[in-house]
Every structure is written in structure tokens, then in C-alpha cells.
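**Q** Sharing a structure, written as C-alpha cells. Questions coming.
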Amino acid sequence: MPSQPDAPAPAADLALPRARDIEAAADRIAGRVSRTPLQRSARLSEVTGARVWLKREDLQAVRSYKGRGAANLIAQLDSEQIWAGVVCASAGNHAQGVAHACATLGVGARIYLPATTPRQKRDRVAAIGGDWVEVVVGGRTYDEAAAAALADVERTGATLVPPFDHPHTIAGQGTIAREISEDLAGTSSGPDVVVVPCGGGGLLAGCLTWFSERSPGVRVVGAEPAGAASMIAATHAGEPVALPEIDRFVDGAAVQRVGSWTYEVVAAHTPELVAVPEGRICTEMIRLYQSEGIITEPAGALAAAALDSLQGSLAGLDVVVVVSGGNNDLLRYPEVMERSLIHEGLKHYFLVDFPQEPGMLRQFLNEVLGPDDDIALFEYVKRNNRETGPALVGLELGAREDLAPLLARMEEASMQIEPIQPDSPLFRFIL
């Protein structure tokens with residue numbers, strides 16, 4: 001998603017959260033959010049040589065951890081603030097978290113959604129919030145919806161609920177770390193490594209806060225989508241910076257600029273940050289579904305996908321991966337499969353200049369394709385009064401190793417063939 005609205009100007013009594021604030025948050029939101037289970041992943045344990053546990057935040061009522069921070073912030077409003085209500089802007093999980101918190105706490109909310117938000121998400125926000133929530137759809141983009149939310153705050157005196165950049169939000173998200181420590185205490189000495197998804201940094205900051213004080217030996221890793229690695233950019237710049245452009249595919253963690261509060265926590269603890277390719281995330285989404293039966297959105301598989309980058313450093317350790325969230329649109333699965341196949345080296349695209357003669361397609365099949373290669377896409381445009389006609393050809397390979405022989409056969413073929421690289425602008429018309 002684009003950049004989030006800034007948190008209100010810090011009040012005099014606001015400060016970076018401490019472990020005691022997370023403990024207070026855990027008591028405050030108890031019964032309002034679920035205490036989600038740790039589930040052992042035999043597949044990831046075998047791959048890494050570690051004991052890998054999945055923290056199932058996708059099992060929350062809103063299918064993500066976002067309700068924790070929202071509930072902790074809203075539960076601390078005074079009577080005057082409750083009377084004025086709350087406001088947020090979101091195109092996804094944060095809206096559902098705020099809606100759920102308001103419905104359970106009895107606080108009115110206006111939630112601004114951009115007009116591009118799918119009706120399924122609009123209806124779910126409205127259903128979760130019930131009579132306590134008014135869904136306001138307006139603006140073509142998230143930024144326009146965020147501007148409308150800020151104008152509402154100025155006009156009505158309502159409280160803005162930021163998705164990550166507020167000490168109360170950070171403390172609420174940090175309750176995950178406390179649960180992990182308590183639940184693993186009966187199984188082992190506790191976690192050695194905790195891998196969390198990182199968008200704006202609220203969850204990462206909360207976990208760093210808890211573990212630095214209560215279990216300082218725990219290694220906390222933040223996983224960002226490679227196309228929106230805004231926390232890595234902030235640490236390199238020494239301050240939060242707005243990325244000039246982002247890949248919005250991992251929409252639950254695609255943040256253009258991290259928060260000021262969250263960055264301050266991250267800068268103080270300098271955790272390991274990993275940028276995970278979007279195609280790798282898609283592959284993990286598929287494996288989580290096929291092996292563990294877990295349906296995730298791209299951001300939900302982000303932390304598990306990061307384990308591939310940590311290979312060799314996890315053997316024999318207790319590793320916890322936060323799975324959040326589970327709000328995936330089934331219509332996205334064709335793109336998920338496509339990105340995964342491309343990342344795995346199993347699908348490739350080519351521009352083929354076919355001589356406009358009978359039998360050339362048959363010749364292409366005989367000369368170029370291997371026994372396990374399959375044509376997944378073929379779009380041919382015949383040109384009158386031309387000797388050749390262009391075709392866009394997508395090939396799915398039986399194995400990654402089949403690519404080199406395929407390219408060698410293409411070099412020897414009687415037609416001109418040009419590979420389309422994934423970083424080519426032409427790929428915009430394929431994905």
C-alpha cells in the first residue's frame with residue numbers, strides 16, 4: 001500500500017513502549033483478541049534443520065495481528081475521546097482490526113476505504129464492525145482516502161488510529177512476543193529466533209521491545225517484501241524515507257515509508273532485516289496451503305518465505321515464524337502461481353519471429369521444445385505483406401535444469417527468438 005497517514009503529534013505522556021507496557025497491553029486486550037496457537041511445521045523443520053513453529057495469527061477473528069494494536073490503543077481512550085469516536089484509513093487488514101476493536105469495545109468508528117477496495121473487503125469490514133462502524137468509500141487511491149480521514153479528524157475531533165506508528169499500537173502488536181515466550185517455555189527453553197513480517201514496523205518494534213528486556217538472547221528477524229523494503233531503506237538512510245515506487249503485490253506489507261516511532265525502536269536494536277523476493281513469497285504461499293493446509297495472503301507467507309535466506313544459521317534452534325494474515329482473494333491465485341513458477345525458473349517467456357510459411361509452428365515444436373516442455377501461452381499476429389510474424393510464447397519447463405538446453409536449441413533454430421527477462425518493462429503486460 002502507499003504511505004500511511006502520520007500518527008497525531010506526540011502527546012507529552014507518550015514515549016517508546018517498554019516490556020511492562022506490552023504486559024499491560026496483554027491484560028488490556030485479553031478476551032478481545034485470540035491467543036493464537038504455536039503449530040509445529042514438519043516441512044519447514046526438515047528444510048532448515050531447526051524446530052520451526054508457526055505463530056498462527058491468521059486464526060484471529062480478523063485473520064491478522066492488526067486487531068491487537070488497534071484494541072490496545074482504542075481501549076485507552078478517555079470518555080471524551082470515546083464520545084468523539086475514532087477514524088482510520090485502510091485498504092485491508094488494519095480496517096478489519098479497527099472494526100473488530102470498535103465492535104468489542106463499543107466505540108464508534110468511521111473507516112475510510114479507497115474506491116478501488118474490492119466489495120468483498122468492504123462488506124467484511126462492515127460485517128465485522130456492525131452498528132459501531134461506518135464505512136466511507138471515497139477517493140480513487142489510498143492516499144486520497146487517508147487525506148479524507150485526516151480531514152475528518154480535524155473537523156470532528158475524532159481520534160486517528162494509525163496502523164503501526166504509535167506507541168500503543170506497537171505495544172499491542174508486541175503481545176505476540178509475550179505469548180510466544182510463554183507458550184514455548186513448556187516445550188523448550190524458549191525461542192532462539194523469531195521471524196516476523198515487516199511493513200510499517202509495528203510488529204517488529206513490539207517484538208524487539210519485549211525480547212530485548214525479557215529474553216535478550218532471542219534473535220529477531222524482520223522480513224520485508226523485496227519490492228517494498230522500506231525499513232531496510234530507512235536503516236541505510238538513518239531515518240524513515242519514502243521509497244520512490246513500490247511493488248504493491250504484498251499489499252499487507254507494502255509500505256512506502258515506515259513509521260517514525262517504529263524506526264526509532266528498530267534503530268535502537270538493529271535487528272537482522274531480510275528482503276524477500278515476491279516470487280519466493282508466492283512459492284511459500286503455495287507450500288503452506290499444500291503442506292500445512294494454511295491459506296495466507298502474500299504478507300501472511302512473508303516471514304516463512306524468509307527462512308530460505310537464513311539457511312545454515314538455524315540448525316538445531318527453536319525458530320518461530322509469525323503467519324499473518326489470511327485475507328487472500330481467490331482471484332489472486334493465478335498471479336500467485338505465475339510469480340512462483342517464474343521465480344522457481346520453471347516458466348519463461350519469449351518473443352519469436354516466425355517466418356510466415358506453412359509448417360513453421362510444427363518446426364518450432366520439433367526443433368526447440370524438449371520432451372517435458374509445455375506451451376502455456378501462444379499469441380501470434382499474422383502480418384500481411386511481411387515475411388515474418390511475431391508471437392509471444394510462454395513455456396513451462398519440467399525442471400529448472402531444462403532451461404540451458406532449451407536456450408541452446410533456440411540458438412540453433414531457424415527463427416529469431418528473444419527471451420523476455422522478468423525485469424523487462426514488457427513483463428507488465430504478462431503478469
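By order of appearance in the C-alpha cells: chains A, B, ..., then residues from 1 within every chain, and ligands from 1 in the order shown.
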Dump as a tab-separated table the rows for residues of region 193-281 of chain A within 12 Å of region 79-98 of chain A: closest atom pair and distance in Å with one decimal, only C-alpha atoms counted, ordered by chain and rising residue number.

**A**
```
residue	atom	partner	partner_atom	distance
A:Gly199	CA	A:His94	CA	11.9
A:Gly200	CA	A:His94	CA	11.7
A:Gly202	CA	A:His94	CA	11.7
A:Arg248	CA	A:Ala91	CA	11.9
A:Val250	CA	A:Gly92	CA	11.4
A:Asp251	CA	A:Gly92	CA	8.1
A:Gly252	CA	A:Asn93	CA	7.0
A:Ala253	CA	A:Asn93	CA	10.1
A:Ala254	CA	A:Gly92	CA	11.5
A:Val255	CA	A:Ser90	CA	11.9
```

**Q** For region 171-182 of chain A, find every residue with an atom within 6 Å (counting only C-alpha atoms), except residues of its own chain fewer than 4 positions away, and show them as an mmCIF file with N, CA and C atoms, in the first residue's frame.

**A**
```cif
data_model
loop_
_atom_site.group_PDB
_atom_site.id
_atom_site.type_symbol
_atom_site.label_atom_id
_atom_site.label_comp_id
_atom_site.auth_asym_id
_atom_site.auth_seq_id
_atom_site.Cartn_x
_atom_site.Cartn_y
_atom_site.Cartn_z
ATOM 1 N N ILE A 22 3.849 -3.681 27.236
ATOM 2 C CA ILE A 22 3.338 -4.841 26.492
ATOM 3 C C ILE A 22 2.589 -5.773 27.431
ATOM 4 N N ALA A 25 -0.656 -4.209 28.000
ATOM 5 C CA ALA A 25 -1.482 -4.363 26.803
ATOM 6 C C ALA A 25 -2.085 -5.757 26.727
ATOM 7 N N ALA A 26 -1.289 -6.759 27.101
ATOM 8 C CA ALA A 26 -1.797 -8.139 27.071
ATOM 9 C C ALA A 26 -2.998 -8.293 27.996
ATOM 10 N N ARG A 68 -4.689 -6.449 17.469
ATOM 11 C CA ARG A 68 -4.020 -6.294 18.764
ATOM 12 C C ARG A 68 -3.676 -4.830 19.024
ATOM 13 N N GLY A 69 -2.988 -4.209 18.081
ATOM 14 C CA GLY A 69 -2.595 -2.815 18.264
ATOM 15 C C GLY A 69 -3.786 -1.888 18.314
ATOM 16 N N ASN A 72 -5.529 -2.216 21.711
ATOM 17 C CA ASN A 72 -4.767 -1.610 22.803
ATOM 18 C C ASN A 72 -4.873 -0.092 22.777
ATOM 19 N N GLY A 190 12.699 -21.766 25.335
ATOM 20 C CA GLY A 190 12.160 -20.561 24.716
ATOM 21 C C GLY A 190 12.667 -20.431 23.292
ATOM 22 N N LEU A 203 4.836 -4.513 14.318
ATOM 23 C CA LEU A 203 5.053 -5.828 14.914
ATOM 24 C C LEU A 203 6.525 -6.032 15.235
ATOM 25 N N GLY A 206 7.421 -4.029 18.298
ATOM 26 C CA GLY A 206 6.865 -4.617 19.511
ATOM 27 C C GLY A 206 7.636 -5.833 19.970
ATOM 28 N N CYS A 207 8.013 -6.696 19.029
ATOM 29 C CA CYS A 207 8.779 -7.893 19.388
ATOM 30 C C CYS A 207 10.179 -7.528 19.876
#
```

**Q** Per DSSP on the backbone, filter region 113-354 of chain A down to the residues in strand (DSSP E or B) and report them as a ChimeraX atom specification.

**A** /A:113,133-137,159-160,193-197,219-225,272-276,318-323,347-354

**Q** Considering only C-alpha atoms, can you say which of A:Cys282, A:Cys102, A:Ala158, A:Ala70 comes closest to Val133 (chain A)?

**A**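 When distances to Val133 (chain A) are compared using only C-alpha atoms, the smallest one comes from A:Cys102.
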
**Q** Can you pull out every residue within 12 Å of Thr270 (chain A), counting only C-alpha atoms, but drop anything in the same chain fewer than 3 positions away, and send it as a list in words?

**A**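 My reading of the contact set: Leu204, Ala205, Leu208, Thr209, Ser212, Arg219, Val220, Val221, Gly222, Met231, Ile232, Ala234, Thr235, His236, Gly238, Thr262, Tyr263, Glu264, Val265, Val266, Ala267 and Leu273 of chain A.
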